[in-house]
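Have a look at the structure below, then the notes.
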Amino acid sequence: MYNRCFIMETKLNLGKYVRRYAVLYSIAVIAMGFSTWLDMIAPIIVQHIVDDVLIDRQMDLLKMLLLGILGIGVGRCVFQYVKEYICDWCGSKIASEVRIDLFRKIQSLSANFFDGINSGELMSRVKDDVDRIWDIAAFMGILIAEVLLRVVITTFYMMRMNWKLSLFPLALMVSAAIIAIRMEKKLDVVFGDIAQENSELNNTAAENLAGVRTVKAFAREDFERKKFHRHNQKYYELNITQSKIFVHYNPMVQMITRLLPAIVLFFGGLAVIAGRVEKVSESTGIVGAAYSIGKAFTVGHDMTVGELLAFLQYVGNIVWPMEMLGWLTNGFSSAKASVKRLNKIYEQTPNILDESGIDEELFNQFDVNGQIAFDKVTYEANGRKILDDVSFNLEEGQTLGIMGATGSGKTTIINLLKRMYDVSSGKILLDGVDIRDIPLSALRRSIACVMQDIFLFSDTIEGNIRLGEKETMPHSLVIKSLQRAKAWPFVSKMKEGEQTVIGERGIGLSGGQKQRITIARALARKTPVLVLDDSTSALDTETEQEIQEVLNELTGMTKIIIGHRISSVRKADKIIVMDKGKIVEEGTHDELLRLGGLYKETYDSQH
């Protein structure tokens, strides 16, 4: 049964994931706080080395001060390691959980969601966008916190040392923050466009790689290269736009970080000069002006050389956050855009909900016999009727054949039976129970399908047959299913036999071989209902007849066979002929021949 917590999620709640690791993140923040505090002590030690040791010649203090610097280095190493390791571990766990939950959310969505989105876009959401969240959870988030903490603590120490001189870094820091905010607003829009074009680029590449044989068969390499080039060029242009924004604003921040130490050194130097020159207040000219300016930046006492060097180190601690603003803004904008795109998926709600209210384990205790009834079923999609008032009954163990032209609604009957879509009106019954009252997974496990669109995974032949039951299906059943599907003759001749690894979508096998493996996969399920949707179209007449004989021998299983060949359905207990979404003929093979309608016309054209 689908987990309803993923069905009900309509927004990516990152806070929920962070709270799971709140204790570890708290330890990381504490370690970061101690590391930052040690950075604040280092300038004070430098001040004492200059003022007390170098100038006042108190050499007995040097040993303790040097040990203090060593202790600060060791302490920072330990605390930074704790912070980095915890954040990386937590970030990796959060990204893993977000990716799993996103995948579950995608799996919970109904078939109509996948009808309107390409696989390349979904791959970008699952991989690239979750990677941006990883960046925030692992190191970027803690860096933002460290920048804020460092700014607050450094500002406190600078204000305590010389509040007038602190006005310069504070003013320039506000200017850098304003520039960063403006840059973030512009990058936010660009990152959204980049991610969308990245999806298009991925989808174009995936389609061409998957259909490379078709491309080569139609000599379409040049056209596909141009198509890929168009998306690649647009992706390039968007990245250049992003770079232009970054290059436009980031040098402004860099200029501020370079000017700040020079400005502080100039005015701080004047303050030091004012404390060392006696009776300069009466002087005129440059010396007098310097004294006046320097005196303006002294607070209660003259500024020493050691204090100036310590203040410059604090300025360096302010410069680092400002230098990080551009990079952090860039990363934050990218993560913000990724969250928006992921929320577009979380906002989707499945049309097919498991509202049976029946415990699945309890339902599985009952035997499903396979009695199927369509009662005045109508299905509409995009304002068009696909099925119109379709009704038929199929008793347990019977075989139903469905024929009709392409687009007449044959496959839609199967999709409705499996609840890939829900009926617009009417109802479908399985053993007399409305399928909407049956747990979804229990319903779908009761029906084994061989569909038109053959899909085999990049796995061994045995792995494909055991799909969904790799731990429980015995090896003997795999071999028996291959034999019944007439696949064993070619599988046994392969070098690795049933352990042969086949490529994506069965590449390396012929169409008929792929069909036989998918038939073997369905037969191995031993489900009450077996559906074959034009599943023998790629087989030669002899192999098709052999498989038809196997199907006829199957007992205790209700079978639905969709086909274009009369030979596929002629032995069915009941045959319905579809046309424009309606049942236009119904009966046995002989009855339909006597009727002289569409079935008879198809029979005559094929024989």
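Following the order of the structure tokens, first chain is A, next is B, and so on, with residues numbered from 1 inside each chain and ligands from 1 in the order they appear.
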(request) May I have the residues within 10 Å of A:Thr241 as a count of residues only, using only C-alpha atoms and disregarding those fewer than 3 positions away in the same chain? (result) 12
(message) I'd like the neighbourhood of stretch 120-131 of chain A as a list in words, where a residue qualifies if any of its atoms comes within 8 Å (using only C-alpha atoms), though same-chain residues fewer than 3 positions away should be ignored.
(response)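 The residues satisfying every condition are Ala95, Val98, Arg99, Leu102, Phe103, Ile117, Trp134, Asp135, Ala195, Gln196, Asn198, Ser199, Glu200, Leu201, Asn202, Asn203, Thr204, Ala206, Ala335, Ser338, Val339, Arg341 and Leu342 of chain A.
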(request) Tell me which of A:Glu221, A:Asp389, A:Asp88, A:Asp579 sits closest to A:Gly426, counting only C-alpha atoms. (result)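 For A:Gly426, the nearest of the candidates is A:Asp389.
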(request) Would you list the contacts of A:Leu66 as a list in words, taking every protein, DNA or RNA residue within 9 Å and counting only C-alpha atoms, but skipping same-chain residues closer than 5 positions in sequence? (result)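 Neighbouring residues, sequence-local ones excluded: Ile45, Ile49, Leu61 and Gly71 of chain A.
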Since we have the selection now, will you write its residues out, keeping all heavy atoms, as an mmCIF file, in the first residue's frame?
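Contents of part_2.cif, freshly written:
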```
data_model
loop_
_atom_site.group_PDB
_atom_site.id
_atom_site.type_symbol
_atom_site.label_atom_id
_atom_site.label_comp_id
_atom_site.auth_asym_id
_atom_site.auth_seq_id
_atom_site.Cartn_x
_atom_site.Cartn_y
_atom_site.Cartn_z
ATOM 1 N N ILE A 45 46.205 38.323 22.112
ATOM 2 C CA ILE A 45 47.556 37.824 22.387
ATOM 3 C C ILE A 45 48.586 38.583 21.556
ATOM 4 O O ILE A 45 49.669 38.948 22.044
ATOM 5 C CB ILE A 45 47.629 36.311 22.109
ATOM 6 C CG1 ILE A 45 46.731 35.553 23.101
ATOM 7 C CG2 ILE A 45 49.058 35.811 22.200
ATOM 8 C CD1 ILE A 45 46.704 34.054 22.882
ATOM 9 N N ILE A 49 51.837 40.725 22.804
ATOM 10 C CA ILE A 49 53.194 40.455 22.314
ATOM 11 C C ILE A 49 53.853 41.749 21.837
ATOM 12 O O ILE A 49 55.031 42.010 22.123
ATOM 13 C CB ILE A 49 53.152 39.412 21.184
ATOM 14 C CG1 ILE A 49 52.813 38.024 21.753
ATOM 15 C CG2 ILE A 49 54.481 39.348 20.446
ATOM 16 C CD1 ILE A 49 52.646 36.949 20.705
ATOM 17 N N LEU A 61 56.839 37.204 29.590
ATOM 18 C CA LEU A 61 55.482 36.908 29.113
ATOM 19 C C LEU A 61 55.468 36.161 27.781
ATOM 20 O O LEU A 61 54.446 35.580 27.401
ATOM 21 C CB LEU A 61 54.680 38.214 28.960
ATOM 22 C CG LEU A 61 54.439 39.037 30.230
ATOM 23 C CD1 LEU A 61 53.715 40.335 29.871
ATOM 24 C CD2 LEU A 61 53.615 38.230 31.236
ATOM 25 N N GLY A 71 47.997 26.885 21.615
ATOM 26 C CA GLY A 71 46.742 26.313 22.115
ATOM 27 C C GLY A 71 45.551 26.704 21.254
ATOM 28 O O GLY A 71 44.649 25.890 20.991
#
```
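With only C-alpha atoms as the basis for measurement, A:Leu308 is the residue among A:Met252, A:Met473, A:Val23, A:Leu308 that approaches A:Leu165 most closely.
Closest approach to A:Tyr249 from the set A:Phe228, A:Trp327, A:Tyr314, A:Phe267 is made by A:Trp327, with distances taken over only C-alpha atoms.
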(request) Provide the atom CA of A:Arg466 to atom CA of A:Gln513 distance in Å, to one decimal place. (result)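 That distance, rounded to one decimal, is 17.0 Å.
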(message) Please determine, counting only C-alpha atoms, which residue among A:Val368, A:Ile30, A:Leu148, A:Val46 has the shortest atom-to-atom distance to A:Lys83.
(response)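 Smallest separation from A:Lys83 among the options: A:Ile30.
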(request) Tell me, as a PyMOL selection string, which residues lie within 7 Å of stretch 261-266 of chain A, counting only C-alpha atoms; anything in the same chain fewer than 3 positions away does not count. (result) chain A and resi 258+269-270+312+315
(request) Fewer than 4 positions away in the same chain doesn't count, so skip those; otherwise give me all residues within 7 Å of A:Lys582, counting only C-alpha atoms, as JSON, numbers by chain. (result) {"A": [387, 388, 389, 390, 578]}
Take the residues that were just selected and, keeping all heavy atoms, output them as a PDB file, in the first residue's frame.
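Contents of the output file selection-v5.pdb:
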```
ATOM      1  N   LEU A 387     -13.461   5.831 -23.560  1.00  0.00           N
ATOM      2  CA  LEU A 387     -14.393   4.697 -23.481  1.00  0.00           C
ATOM      3  C   LEU A 387     -15.791   5.253 -23.236  1.00  0.00           C
ATOM      4  O   LEU A 387     -15.964   6.210 -22.481  1.00  0.00           O
ATOM      5  CB  LEU A 387     -14.014   3.741 -22.343  1.00  0.00           C
ATOM      6  CG  LEU A 387     -12.734   2.929 -22.493  1.00  0.00           C
ATOM      7  CD1 LEU A 387     -12.553   2.006 -21.298  1.00  0.00           C
ATOM      8  CD2 LEU A 387     -12.730   2.117 -23.782  1.00  0.00           C
ATOM      9  N   ASP A 388     -16.782   4.614 -23.845  1.00  0.00           N
ATOM     10  CA  ASP A 388     -18.150   5.122 -23.756  1.00  0.00           C
ATOM     11  C   ASP A 388     -19.109   3.975 -23.452  1.00  0.00           C
ATOM     12  O   ASP A 388     -19.387   3.136 -24.307  1.00  0.00           O
ATOM     13  CB  ASP A 388     -18.526   5.806 -25.080  1.00  0.00           C
ATOM     14  CG  ASP A 388     -19.898   6.472 -25.015  1.00  0.00           C
ATOM     15  OD1 ASP A 388     -20.472   6.552 -23.909  1.00  0.00           O
ATOM     16  OD2 ASP A 388     -20.386   6.908 -26.072  1.00  0.00           O
ATOM     17  N   ASP A 389     -19.554   3.915 -22.192  1.00  0.00           N
ATOM     18  CA  ASP A 389     -20.591   2.973 -21.766  1.00  0.00           C
ATOM     19  C   ASP A 389     -20.205   1.517 -22.093  1.00  0.00           C
ATOM     20  O   ASP A 389     -20.949   0.784 -22.747  1.00  0.00           O
ATOM     21  CB  ASP A 389     -21.922   3.331 -22.428  1.00  0.00           C
ATOM     22  CG  ASP A 389     -23.103   2.665 -21.727  1.00  0.00           C
ATOM     23  OD1 ASP A 389     -23.012   2.436 -20.505  1.00  0.00           O
ATOM     24  OD2 ASP A 389     -24.095   2.356 -22.408  1.00  0.00           O
ATOM     25  N   VAL A 390     -19.026   1.134 -21.607  1.00  0.00           N
ATOM     26  CA  VAL A 390     -18.519  -0.222 -21.868  1.00  0.00           C
ATOM     27  C   VAL A 390     -18.971  -1.158 -20.754  1.00  0.00           C
ATOM     28  O   VAL A 390     -18.733  -0.894 -19.575  1.00  0.00           O
ATOM     29  CB  VAL A 390     -16.981  -0.218 -21.969  1.00  0.00           C
ATOM     30  CG1 VAL A 390     -16.430  -1.645 -22.030  1.00  0.00           C
ATOM     31  CG2 VAL A 390     -16.535   0.584 -23.185  1.00  0.00           C
ATOM     32  N   MET A 578     -13.897  -3.537 -30.329  1.00  0.00           N
ATOM     33  CA  MET A 578     -14.006  -2.130 -29.957  1.00  0.00           C
ATOM     34  C   MET A 578     -13.920  -1.241 -31.193  1.00  0.00           C
ATOM     35  O   MET A 578     -13.192  -1.533 -32.144  1.00  0.00           O
ATOM     36  CB  MET A 578     -12.868  -1.751 -29.000  1.00  0.00           C
ATOM     37  CG  MET A 578     -12.782  -2.570 -27.723  1.00  0.00           C
ATOM     38  SD  MET A 578     -14.150  -2.234 -26.610  1.00  0.00           S
ATOM     39  CE  MET A 578     -13.911  -0.484 -26.294  1.00  0.00           C
TER      40      MET A 578
END
```
(request) Give the helix (DSSP H, G or I) residues of stretch 398-596 of chain A, as DSSP finds them on the backbone, and put them as a ChimeraX atom specification. (result) /A:410-417,435-437,440-445,461-465,475-484,488-491,497-499,504-506,511-523,541-553,566-569,589-595
(request) Just the residues within 9 Å of A:Ser567, please, counting only C-alpha atoms, with nothing from its chain fewer than 6 positions along; format it as a list in words. (result)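 Skipping anything fewer than 6 positions along the chain leaves Glu544, Gln545 and Gln548 of chain A.
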(request) Apply DSSP to the structure's backbone, then extract all residues of stretch 285-525 of chain A labelled strand (DSSP E or B) and return them as a PyMOL selection string. (result) chain A and resi 372-381+384-394+399-404+425-430+433-434+447-450+460+501
(request) Using only C-alpha atoms, determine which residues lie at most 12 Å from A:Pro474, disregarding the query and same-chain residues fewer than 4 positions distant; provide the list as a PyMOL selection string. (result) chain A and resi 462-463+465-466+469-470+478-481+524-525
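Of note, atom CA of A:Ile153 and atom CA of A:Ile318 are spaced 9.8 Å apart.
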(message) So, with only C-alpha atoms as the atoms that count, which of A:Glu347, A:Ala31, A:Val215, A:Ile461 lies closest to A:Gly75?
(response) A:Ala31
